[in-house]
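S.K.: My structure is in work13.csv, and what it holds is CSV, C-alpha atoms:
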chain,number,residue,atom,x,y,z
A,81,MET,CA,13.9,-1.1,-24.3
A,82,GLU,CA,12.3,1.9,-25.9
A,83,THR,CA,8.8,2.1,-24.4
A,84,ARG,CA,7.0,1.6,-21.1
A,85,GLN,CA,5.5,-1.6,-22.5
A,86,ASP,CA,9.0,-2.9,-23.1
A,87,VAL,CA,9.9,-2.2,-19.5
A,88,LEU,CA,6.7,-3.9,-18.2
A,89,GLU,CA,7.4,-7.0,-20.3
A,90,TRP,CA,11.0,-7.1,-19.1
A,91,LEU,CA,9.9,-6.9,-15.4
A,92,ASN,CA,7.1,-9.3,-15.9
A,93,GLY,CA,9.6,-11.7,-17.4
A,94,GLN,CA,11.4,-11.7,-14.0
A,95,LEU,CA,8.2,-12.9,-12.1
A,96,ARG,CA,9.2,-16.5,-12.9
A,97,PHE,CA,12.0,-16.1,-10.4
A,98,GLY,CA,9.4,-15.6,-7.7
A,99,ILE,CA,10.2,-14.1,-4.3
A,100,LYS,CA,13.8,-14.6,-3.0
A,101,PRO,CA,14.2,-13.0,0.4
A,102,GLY,CA,17.6,-11.4,1.1
A,103,LEU,CA,19.4,-8.2,0.6
A,104,GLU,CA,22.7,-9.3,-1.0
A,105,ARG,CA,21.5,-8.8,-4.6
A,106,ILE,CA,20.2,-5.3,-4.0
A,107,GLU,CA,23.4,-4.3,-2.1
A,108,TRP,CA,25.5,-5.5,-5.0
A,109,MET,CA,23.5,-3.5,-7.5
A,110,LEU,CA,23.5,-0.3,-5.4
A,111,ASN,CA,27.3,-0.6,-5.0
A,112,ALA,CA,27.8,-1.3,-8.7
A,113,LEU,CA,25.7,1.7,-9.7
A,114,GLN,CA,27.4,3.9,-7.0
A,115,ILE,CA,24.1,5.0,-5.5
A,116,GLU,CA,24.2,6.7,-2.1
A,117,GLU,CA,21.3,6.8,0.4
A,118,LEU,CA,19.1,9.8,0.7
A,119,PRO,CA,17.2,11.1,3.8
A,120,SER,CA,14.4,8.5,4.1
A,121,ILE,CA,11.4,7.3,6.1
A,122,HIS,CA,10.7,3.5,6.0
A,123,VAL,CA,7.1,2.3,6.5
A,124,ALA,CA,6.0,-1.4,7.2
A,125,GLY,CA,2.8,-3.0,8.4
A,126,THR,CA,0.1,-5.4,7.3
A,127,ASN,CA,-2.4,-2.7,6.6
A,128,GLY,CA,-2.1,1.1,6.5
A,129,LYS,CA,1.3,1.4,4.9
A,130,GLY,CA,0.1,3.1,1.7
A,131,SER,CA,-2.3,5.4,3.6
A,132,THR,CA,0.5,6.5,6.0
A,133,VAL,CA,2.8,7.2,3.0
A,134,ALA,CA,0.0,9.3,1.5
A,135,PHE,CA,-0.4,11.4,4.6
A,136,LEU,CA,3.4,11.8,4.9
A,137,ARG,CA,3.8,12.7,1.3
A,138,ALA,CA,1.0,15.4,1.5
A,139,MET,CA,2.6,16.8,4.7
A,140,ALA,CA,6.1,16.9,3.2
A,141,HIS,CA,4.7,18.7,0.1
A,142,ALA,CA,3.0,21.2,2.3
A,143,GLU,CA,6.2,21.7,4.2
A,144,GLY,CA,7.8,22.7,0.9
A,145,LEU,CA,10.0,19.6,0.4
A,146,ASN,CA,10.6,17.7,-2.8
A,147,VAL,CA,9.6,14.1,-1.8
A,148,GLY,CA,10.0,10.8,-3.6
A,149,THR,CA,7.8,7.8,-2.8
A,150,PHE,CA,8.1,4.1,-3.6
A,151,ILE,CA,4.8,2.1,-3.1
A,152,SER,CA,3.2,-1.1,-4.1
A,153,PRO,CA,1.0,-2.1,-5.6
A,154,TYR,CA,-0.2,0.6,-7.9
A,155,ILE,CA,-3.9,1.3,-8.6
A,156,ILE,CA,-4.1,3.5,-11.7
A,157,GLN,CA,-0.9,3.0,-13.5
A,158,PHE,CA,2.4,1.1,-13.0
A,159,GLU,CA,4.4,4.3,-12.8
A,160,GLU,CA,2.8,5.2,-9.5
A,161,ARG,CA,5.2,2.9,-7.8
A,162,ILE,CA,8.0,5.5,-8.3
A,163,MET,CA,6.8,9.0,-7.8
A,164,LEU,CA,8.3,12.5,-7.3
A,165,ASN,CA,6.1,15.1,-5.6
A,166,GLY,CA,3.0,12.9,-6.2
A,167,GLU,CA,3.8,12.6,-10.0
A,168,PRO,CA,4.5,9.2,-11.4
A,169,ILE,CA,7.8,8.7,-13.1
A,170,ARG,CA,7.7,9.8,-16.8
A,171,GLU,CA,8.0,7.3,-19.6
A,172,HIS,CA,11.3,8.5,-20.9
A,173,ASP,CA,12.8,8.4,-17.4
A,174,LEU,CA,11.3,5.0,-16.7
A,175,VAL,CA,12.8,3.6,-19.9
A,176,ARG,CA,16.2,5.2,-19.4
A,177,ILE,CA,16.4,4.0,-15.8
A,178,ALA,CA,15.3,0.5,-16.7
A,179,ASN,CA,17.9,0.1,-19.4
A,180,ARG,CA,20.7,1.2,-16.9
A,181,VAL,CA,19.4,-1.3,-14.3
A,182,ARG,CA,19.0,-4.1,-16.8
A,183,ASP,CA,22.6,-3.6,-18.1
A,184,CYS,CA,24.0,-3.6,-14.6
A,185,ALA,CA,21.9,-6.6,-13.5
A,186,SER,CA,23.3,-8.6,-16.4
A,187,ALA,CA,26.6,-8.6,-14.6
A,188,SER,CA,25.2,-9.5,-11.2
A,189,PRO,CA,26.4,-12.8,-9.7
A,190,GLU,CA,22.7,-13.7,-9.0
A,191,THR,CA,19.5,-13.1,-10.9
A,192,LEU,CA,17.3,-10.4,-9.4
A,193,THR,CA,13.6,-10.7,-8.9
A,194,GLU,CA,11.0,-8.4,-10.4
A,195,PHE,CA,10.5,-6.5,-7.2
A,196,GLU,CA,14.3,-6.2,-6.6
A,197,LEU,CA,14.8,-4.7,-10.0
A,198,LEU,CA,12.0,-2.3,-9.5
A,199,THR,CA,13.5,-1.3,-6.1
A,200,VAL,CA,16.8,-0.6,-7.7
A,201,MET,CA,15.1,1.5,-10.4
A,202,ALA,CA,13.6,3.6,-7.7
A,203,TRP,CA,16.9,4.1,-5.9
A,204,LEU,CA,18.6,5.1,-9.2
A,205,TYR,CA,15.8,7.6,-10.1
A,206,PHE,CA,15.9,9.2,-6.7
A,207,HIS,CA,19.7,9.3,-6.8
A,208,GLU,CA,19.4,11.3,-10.0
A,209,GLN,CA,16.6,13.6,-8.9
A,210,GLN,CA,17.9,14.2,-5.4
A,211,PRO,CA,14.6,14.9,-3.5
A,212,ASP,CA,14.8,16.2,0.0
A,213,LEU,CA,13.1,13.1,1.3
A,214,VAL,CA,12.2,9.6,0.1
A,215,ILE,CA,9.4,7.6,1.7
A,216,TRP,CA,9.8,3.8,1.2
A,217,GLU,CA,6.8,1.4,1.5
A,218,VAL,CA,7.8,-2.1,2.4
A,219,GLY,CA,6.8,-4.6,-0.3
A,220,LEU,CA,6.5,-7.8,1.9
A,221,GLY,CA,7.4,-8.2,5.5
A,222,GLY,CA,10.3,-6.0,6.3
A,223,ARG,CA,13.5,-7.7,7.5
A,224,LEU,CA,14.3,-9.3,4.2
A,225,ASP,CA,12.3,-7.0,2.0
A,226,SER,CA,14.4,-5.4,-0.8
A,227,THR,CA,13.6,-1.9,0.6
A,228,ASN,CA,15.4,-2.8,3.8
A,229,VAL,CA,18.8,-2.0,2.4
A,230,LEU,CA,18.3,1.4,4.0
A,231,THR,CA,21.0,1.9,6.7
A,232,ARG,CA,20.2,5.2,8.3
A,233,PRO,CA,16.5,6.3,7.8
A,234,LEU,CA,15.3,9.3,9.7
A,235,ALA,CA,12.5,7.2,11.2
A,236,THR,CA,10.8,3.9,10.8
A,237,ILE,CA,7.1,3.1,11.1
A,238,VAL,CA,5.1,-0.1,11.7
A,239,THR,CA,1.4,0.7,11.2
A,240,SER,CA,-0.2,-2.7,12.0
A,241,ILE,CA,0.4,-6.4,12.4
A,242,GLY,CA,-2.1,-8.9,11.0
A,243,HIS,CA,-2.5,-12.2,9.3
A,244,ASP,CA,-1.1,-12.0,5.8
A,245,HIS,CA,1.5,-13.9,3.7
A,246,GLN,CA,1.8,-16.5,6.4
A,247,GLY,CA,3.5,-18.9,4.1
A,248,ILE,CA,6.4,-16.4,3.8
A,249,LEU,CA,6.4,-14.4,7.1
A,250,GLY,CA,5.3,-17.0,9.6
A,251,ASP,CA,2.2,-18.6,11.1
A,252,THR,CA,1.8,-16.5,14.3
A,253,LEU,CA,1.3,-12.8,14.8
A,254,GLU,CA,4.6,-12.8,16.8
A,255,GLU,CA,6.5,-14.3,13.9
A,256,ILE,CA,5.0,-11.9,11.4
A,257,ALA,CA,5.7,-9.0,13.8
A,258,LEU,CA,9.4,-9.9,14.1
A,259,GLU,CA,9.7,-9.8,10.3
A,260,LYS,CA,8.1,-6.3,10.1
A,261,PHE,CA,10.1,-5.1,13.1
A,262,GLY,CA,13.1,-6.0,11.1
A,263,ILE,CA,13.2,-2.6,9.5
A,264,MET,CA,14.3,-1.2,12.8
A,265,LYS,CA,17.7,0.4,12.7
A,266,ARG,CA,20.2,1.0,15.6
A,267,GLY,CA,19.6,4.4,17.1
A,268,VAL,CA,16.7,5.3,14.8
A,269,PRO,CA,13.3,6.0,16.4
A,270,MET,CA,10.4,3.7,15.5
A,271,PHE,CA,6.8,4.8,15.5
A,272,HIS,CA,3.8,2.4,15.7
A,273,SER,CA,0.0,2.3,16.1
A,274,LEU,CA,-0.2,-1.3,17.4
A,275,THR,CA,-2.8,-2.3,20.0
A,276,ASP,CA,-1.9,-5.9,20.9
A,277,GLU,CA,0.0,-5.7,24.1
A,278,ARG,CA,2.0,-8.9,23.3
A,279,LEU,CA,3.3,-7.3,20.1
A,280,ILE,CA,4.0,-4.0,21.8
A,281,ALA,CA,6.1,-5.8,24.5
A,282,LEU,CA,8.0,-7.7,21.7
A,283,LEU,CA,8.6,-4.4,19.9
A,284,LYS,CA,9.9,-2.7,23.1
A,285,ARG,CA,12.3,-5.6,23.7
A,286,GLN,CA,13.6,-5.3,20.1
A,287,GLY,CA,14.0,-1.5,20.6
A,288,GLU,CA,16.1,-2.1,23.7
A,289,THR,CA,18.3,-4.5,21.8
A,290,MET,CA,18.7,-2.1,18.9
A,291,ASP,CA,19.0,1.1,21.1
A,292,ALA,CA,16.0,2.4,19.1
A,293,SER,CA,13.4,4.5,20.9
A,294,ILE,CA,9.8,3.2,20.5
A,295,HIS,CA,6.9,5.6,20.1
A,296,ASP,CA,3.2,4.7,20.4
A,297,VAL,CA,1.2,7.2,18.3
A,298,THR,CA,-2.3,6.1,19.4
A,299,PRO,CA,-2.4,8.6,22.4
A,300,LEU,CA,-2.2,11.4,19.8
A,301,VAL,CA,-5.8,10.6,18.7
A,302,THR,CA,-8.1,12.3,21.2
A,303,SER,CA,-11.4,11.9,19.3
A,304,ILE,CA,-12.8,10.4,16.0
A,305,GLU,CA,-16.1,11.4,14.4
A,306,ASP,CA,-17.1,8.7,11.9
A,307,GLY,CA,-19.4,9.3,9.0
A,308,THR,CA,-19.2,9.8,5.3
A,309,ASP,CA,-16.2,12.0,6.3
A,310,THR,CA,-13.7,11.1,9.1
A,311,VAL,CA,-13.1,14.0,11.5
A,312,VAL,CA,-10.2,13.5,13.9
A,313,THR,CA,-8.8,15.6,16.7
A,314,TYR,CA,-5.1,15.0,17.4
A,315,ASP,CA,-3.4,16.2,20.5
A,316,GLY,CA,-2.3,19.8,19.8
A,317,LEU,CA,-4.4,20.2,16.7
A,318,ASP,CA,-7.9,21.5,16.0
A,319,PRO,CA,-10.3,18.9,14.5
A,320,VAL,CA,-9.4,18.0,11.0
A,321,THR,CA,-11.4,16.3,8.2
A,322,LEU,CA,-9.0,13.6,6.8
A,323,GLY,CA,-8.5,13.2,3.1
A,324,LEU,CA,-8.8,9.5,3.6
A,325,THR,CA,-12.1,8.1,5.0
A,326,GLY,CA,-12.4,5.5,7.7
A,327,HIS,CA,-12.0,5.1,11.5
A,328,HIS,CA,-8.7,3.3,11.0
A,329,GLN,CA,-7.3,6.2,9.0
A,330,ALA,CA,-7.1,8.2,12.2
A,331,TYR,CA,-4.3,6.0,13.3
A,332,ASN,CA,-2.5,6.0,10.0
A,333,GLY,CA,-2.7,9.7,10.2
A,334,ALA,CA,-1.3,9.6,13.8
A,335,CYS,CA,1.8,7.7,12.5
A,336,ALA,CA,2.4,10.5,10.0
A,337,VAL,CA,1.7,13.3,12.6
A,338,ALA,CA,4.2,11.8,15.0
A,339,VAL,CA,7.0,11.4,12.4
A,340,ALA,CA,6.3,14.9,11.0
A,341,ARG,CA,6.6,16.4,14.5
A,342,HIS,CA,9.8,14.4,15.1
A,343,LEU,CA,11.2,15.9,11.9
A,344,GLY,CA,10.2,19.4,12.9
A,345,TRP,CA,7.6,20.1,10.3
A,346,LYS,CA,5.2,23.0,10.8
A,347,ALA,CA,1.8,22.4,12.3
A,348,GLU,CA,0.2,24.1,9.3
A,349,ALA,CA,1.9,21.6,7.0
A,350,ILE,CA,0.8,18.7,9.1
A,351,ARG,CA,-2.8,19.8,9.1
A,352,ALA,CA,-2.8,20.5,5.4
A,353,GLY,CA,-1.3,17.1,4.7
A,354,LEU,CA,-4.0,15.4,6.8
A,355,GLU,CA,-6.7,17.1,4.8
A,356,ALA,CA,-5.1,16.8,1.3
A,357,ALA,CA,-3.9,13.1,1.4
A,358,GLN,CA,-5.3,11.0,-1.4
A,359,HIS,CA,-4.8,7.3,-1.9
A,360,PRO,CA,-6.8,5.6,-4.7
A,361,GLY,CA,-8.6,2.4,-3.8
A,362,ARG,CA,-8.8,3.1,-0.1
A,363,TYR,CA,-12.4,3.7,0.7
A,364,GLU,CA,-12.4,5.8,-2.5
A,365,LEU,CA,-15.8,7.3,-3.5
A,366,ILE,CA,-15.7,6.7,-7.3
A,367,SER,CA,-19.4,7.8,-7.9
A,368,ARG,CA,-22.0,9.6,-5.9
A,369,GLN,CA,-25.0,8.7,-8.0
A,370,PRO,CA,-25.1,5.7,-7.9
A,371,ARG,CA,-22.9,5.6,-4.8
A,372,ILE,CA,-19.9,3.4,-5.5
A,373,VAL,CA,-16.9,2.9,-3.1
A,374,LEU,CA,-13.7,1.1,-3.9
A,375,ASP,CA,-11.6,-0.4,-1.1
A,376,GLY,CA,-8.6,-2.7,-1.4
A,377,ALA,CA,-9.3,-4.7,1.8
A,378,HIS,CA,-7.4,-7.8,1.0
A,379,ASN,CA,-7.0,-9.6,4.3
A,380,PRO,CA,-9.1,-10.3,7.4
A,381,GLU,CA,-7.9,-7.2,9.3
A,382,GLY,CA,-8.5,-5.0,6.3
A,383,ILE,CA,-12.0,-6.4,5.9
A,384,ALA,CA,-12.7,-5.8,9.6
A,385,ALA,CA,-11.8,-2.1,9.1
A,386,LEU,CA,-14.0,-2.0,6.0
A,387,VAL,CA,-17.0,-3.6,7.8
A,388,GLU,CA,-16.8,-0.9,10.5
A,389,GLN,CA,-17.0,1.8,7.8
A,390,VAL,CA,-19.7,0.0,5.8
A,391,LYS,CA,-22.0,0.0,8.9
A,392,ILE,CA,-22.3,3.8,8.4
A,393,GLU,CA,-23.6,3.2,4.8
A,394,ARG,CA,-27.2,2.3,4.0
A,395,ASP,CA,-28.4,-0.7,2.0
A,396,VAL,CA,-25.0,-2.1,0.8
A,397,THR,CA,-24.1,-4.6,-1.9
A,398,VAL,CA,-20.5,-5.9,-2.0
A,399,LEU,CA,-18.6,-7.3,-5.0
A,400,ALA,CA,-15.4,-9.0,-3.9
A,401,ALA,CA,-12.5,-10.8,-5.5
A,402,ILE,CA,-10.3,-12.5,-2.9
A,403,LEU,CA,-7.0,-14.1,-3.9
A,404,VAL,CA,-6.4,-17.8,-3.3
A,405,ASP,CA,-3.8,-17.3,-0.5
A,406,LYS,CA,-6.2,-15.2,1.7
A,407,ASP,CA,-8.7,-16.4,4.3
A,408,ARG,CA,-11.8,-16.1,2.1
A,409,GLU,CA,-14.2,-17.8,4.5
A,410,ALA,CA,-13.5,-15.4,7.3
A,411,MET,CA,-13.5,-12.4,5.1
A,412,ILE,CA,-16.8,-13.2,3.4
A,413,ALA,CA,-18.5,-14.1,6.7
A,414,SER,CA,-17.5,-10.6,8.0
A,415,LEU,CA,-18.8,-8.9,4.9
A,416,GLN,CA,-22.1,-10.8,5.0
A,417,MET,CA,-22.9,-9.2,8.4
A,418,VAL,CA,-23.3,-5.8,6.8
A,419,ALA,CA,-24.0,-6.4,3.1
A,420,ASP,CA,-25.4,-8.5,0.3
A,421,VAL,CA,-22.2,-10.2,-1.0
A,422,TYR,CA,-21.3,-11.4,-4.5
A,423,GLU,CA,-17.9,-12.9,-5.5
A,424,THR,CA,-16.0,-12.9,-8.7
A,425,THR,CA,-12.7,-13.7,-10.3
A,426,PHE,CA,-10.4,-11.8,-12.7
A,427,ASP,CA,-7.3,-12.4,-14.8
A,428,PHE,CA,-4.4,-12.7,-12.3
A,429,PRO,CA,-2.0,-15.5,-11.3
A,430,ARG,CA,-3.2,-15.9,-7.7
A,431,THR,CA,-6.9,-15.5,-8.3
A,432,ARG,CA,-9.5,-18.1,-7.4
A,433,THR,CA,-11.3,-19.9,-10.2
A,434,LYS,CA,-14.9,-19.7,-11.0
A,435,GLU,CA,-15.2,-23.4,-10.3
A,436,SER,CA,-13.6,-23.2,-6.9
A,437,LEU,CA,-15.8,-20.3,-5.8
A,438,ILE,CA,-19.0,-22.1,-6.9
A,439,ALA,CA,-17.8,-25.3,-5.1
A,440,ASP,CA,-17.3,-23.2,-1.9
A,441,GLY,CA,-20.8,-21.9,-2.1
A,442,ALA,CA,-20.0,-18.4,-3.3
A,443,ARG,CA,-22.6,-16.3,-5.1
A,444,TYR,CA,-20.5,-16.1,-8.2
A,445,VAL,CA,-20.9,-13.4,-10.9
A,446,ASP,CA,-19.0,-12.5,-14.0
A,447,TRP,CA,-18.0,-9.1,-12.8
A,448,GLN,CA,-18.1,-7.0,-15.9
A,449,GLY,CA,-21.5,-8.1,-17.0
A,450,TRP,CA,-22.9,-8.0,-13.5
A,451,LEU,CA,-21.5,-4.5,-12.9
A,452,ALA,CA,-22.8,-3.2,-16.2
A,453,ALA,CA,-26.3,-4.4,-15.2
A,454,TRP,CA,-26.0,-2.9,-11.7
A,455,LEU,CA,-25.0,0.5,-13.1
A,456,GLU,CA,-28.1,0.3,-15.4
A,457,THR,CA,-30.4,-0.6,-12.5
A,458,PRO,CA,-28.8,-0.3,-9.1
A,459,LYS,CA,-30.1,-3.0,-6.7
A,460,SER,CA,-29.1,-1.1,-3.5
A,461,GLU,CA,-28.1,2.4,-2.4
A,462,THR,CA,-24.4,1.7,-2.1
A,463,LEU,CA,-22.0,-0.6,-4.0
A,464,VAL,CA,-18.7,-1.5,-2.4
A,465,VAL,CA,-16.1,-3.2,-4.5
A,466,THR,CA,-13.3,-4.9,-2.5
A,467,GLY,CA,-10.7,-7.6,-2.3
A,468,SER,CA,-7.4,-7.7,-4.2
A,469,LEU,CA,-5.9,-4.3,-5.0
A,470,TYR,CA,-5.2,-5.6,-8.4
A,471,PHE,CA,-8.9,-6.3,-8.9
A,472,ILE,CA,-9.7,-2.8,-7.6
A,473,SER,CA,-7.4,-1.4,-10.2
A,474,GLU,CA,-9.2,-3.2,-13.0
A,475,VAL,CA,-12.7,-2.1,-11.7
A,476,ARG,CA,-11.5,1.5,-11.2
A,477,THR,CA,-10.3,1.7,-14.8
A,478,TYR,CA,-13.6,0.1,-16.1
A,479,LEU,CA,-15.7,2.5,-14.1
A,480,LYS,CA,-13.8,5.6,-15.1
A,481,GLU,CA,-14.1,4.6,-18.8
A,482,THR,CA,-17.8,3.8,-18.3
A,483,PHE,CA,-18.6,7.2,-16.7
A,484,THR,CA,-16.4,9.1,-19.2
A,485,ASN,CA,-18.3,7.5,-22.2
A,486,ALA,CA,-21.7,7.8,-20.6
Now that the file is in, can you turn its structure into structure tokens?

M.R.:
Amino acid sequence: METRQDVLEWLNGQLRFGIKPGLERIEWMLNALQIEELPSIHVAGTNGKGSTVAFLRAMAHAEGLNVGTFISPYIIQFEERIMLNGEPIREHDLVRIANRVRDCASASPETLTEFELLTVMAWLYFHEQQPDLVIWEVGLGGRLDSTNVLTRPLATIVTSIGHDHQGILGDTLEEIALEKFGIMKRGVPMFHSLTDERLIALLKRQGETMDASIHDVTPLVTSIEDGTDTVVTYDGLDPVTLGLTGHHQAYNGACAVAVARHLGWKAEAIRAGLEAAQHPGRYELISRQPRIVLDGAHNPEGIAALVEQVKIERDVTVLAAILVDKDREAMIASLQMVADVYETTFDFPRTRTKESLIADGARYVDWQGWLAAWLETPKSETLVVTGSLYFISEVRTYLKETFTNA
């Protein structure tokens, strides 16, 4: 492989192997490559993982640390999945790392999946770069996710538990929770912003079994001022305007505040990180005139959070692309309470078809033509584009190019 496109084609070629839960293949690869574990934070949750990583990364940077992050999915470019100090891995490093991983994987007793290979690439890159800290975002679930080869993280976090990926993680919230709680490590503190008492009780029992202390971060939030900005007062800090907008971001920020304090980071760095955090596609204001917001709310709980924020906006139109394995009916019903909703599809394996959307009574539009017309003559004061993060990525690229060429 000589270019980033070669790497992407190689990884995409592994998608046919699907999802294969289990850690044995990753462990074999890390052992073969002689990669040792670095100081790490491990973040799981149905929603809020990426935002919590963004807050922590900004705090760590303000603390003066070199920090690596592994996230999924990406919004702007593939290389965002493996970053050092907020900068995506460079093409020549990506190609070099991918070739080493591919050569090693060719000797593996079992074929690795696309996400497993990507995880090993991140491990190898960070092994070479030796950052002070690596923040790992779980890809799916937790217990059997390929990031869960960590053996001694500094802290683990569970941001939220909601209905997502039930076909893999389980049908009930308790089943889903146990999968996410599976990142817990013996003797390592776990921080959470859960509100469901049943799940908190389940987490505490798990903590007792694992001799891991459990820390509820929600009491840290003493007040939230919602608006076009989100101003939060955390216990021990003056009010701060978050870099990420939305009522729910107060609690993602609280997860980061609690872990940062646990690690002994300075109050000034914590505050600076809360203000500076950026996370594309999470209630991201992409244009002020006309007002356009992008938000990757891709499950019912994410939509519920989005709806609360949209209530603050005036005269809202929503363009949504919801994948076939999500609860479309519930999500659209929620959005229709606060906005005029249109639905679309896009080029992606798990997308709904135009025919199925129309059959289900959707107000279907071909998104590029519809969006071009809306930009020409806005039909409302605010446009919110939501649904799959992969769709948000496509729309974001389209809008950036449109505004650049205008």

S.K.: Which residue is closest to Ala124 in chain A? Choose from A:Ser152, A:Thr231, A:Gln85, A:Thr236 and count all atoms listed in the file.

M.R.: A:Thr236

S.K.: Interatomic distance between CA of Val387 in chain A and CA of Leu479 in chain A?

M.R.: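 Interatomic distance, CA of Val387 in chain A to CA of Leu479 in chain A: 22.8 Å.
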
S.K.: Measuring between only C-alpha atoms, which one of A:Arg84, A:His342, A:Lys284, A:His172 shows the shortest distance to Leu234 in chain A?

M.R.: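 For Leu234 in chain A, the nearest of the given residues is A:His342.
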
S.K.: Choose the residue, out of A:Pro458, A:Gly323, A:Gly344, A:Pro360, that has the smallest atom-to-atom separation from Thr397 in chain A; count all atoms listed in the file.

M.R.: A:Pro458

S.K.: With a distance cut-off of 6 Å and all atoms listed in the file, select the neighbouring residues of range 130-145 of chain A, excluding the residue or stretch itself and same-chain residues fewer than 4 positions from it, and output the selection as JSON, numbers by chain.

M.R.: {"A": [212, 332, 336, 349, 350, 353, 354, 357]}

S.K.: May I have the residues at most 9 Å from (-19.0, 8.7, 7.3) in the file's coordinates, counting only C-alpha atoms, as a list in words?

M.R.: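 The requested residues, written out, are Glu305, Asp306, Gly307, Thr308, Asp309, Thr310, Val311, Thr325, Gly326, His327, Gln389, Val390, Ile392 and Glu393 of chain A.
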
S.K.: Taking 2 positions as the minimum chain separation for residues in the same chain, which residues sit within 12 Å of Ile412 in chain A when counting all atoms listed in the file? Answer as a ChimeraX atom specification.

M.R.: /A:377-380,383-384,386-387,398-402,406-410,414-423,437,440-443,466-467

S.K.: Can you tell me how far CA of Gly316 in chain A sits from CA of Val238 in chain A, in Å to one decimal?

M.R.: 22.7 Å

S.K.: Name the residues, using the chain letters and numbers of the file, that sit within 10 Å of (19.3, 9.2, 2.6) when counting all atoms listed in the file, and give them as number ranges by chain.

M.R.: A: 116-121, 206-207, 210-214, 230-234

S.K.: Write a file of the just-selected residues containing C-alpha atoms, as a compact mmCIF listing (two decimals), in the frame of the given file.

M.R.:
# COMPACT_ATOMS: atom_id res chain seq x y z
CA GLU A 116 24.20 6.70 -2.10
CA GLU A 117 21.30 6.80 0.40
CA LEU A 118 19.10 9.80 0.70
CA PRO A 119 17.20 11.10 3.80
CA SER A 120 14.40 8.50 4.10
CA ILE A 121 11.40 7.30 6.10
CA PHE A 206 15.90 9.20 -6.70
CA HIS A 207 19.70 9.30 -6.80
CA GLN A 210 17.90 14.20 -5.40
CA PRO A 211 14.60 14.90 -3.50
CA ASP A 212 14.80 16.20 0.00
CA LEU A 213 13.10 13.10 1.30
CA VAL A 214 12.20 9.60 0.10
CA LEU A 230 18.30 1.40 4.00
CA THR A 231 21.00 1.90 6.70
CA ARG A 232 20.20 5.20 8.30
CA PRO A 233 16.50 6.30 7.80
CA LEU A 234 15.30 9.30 9.70
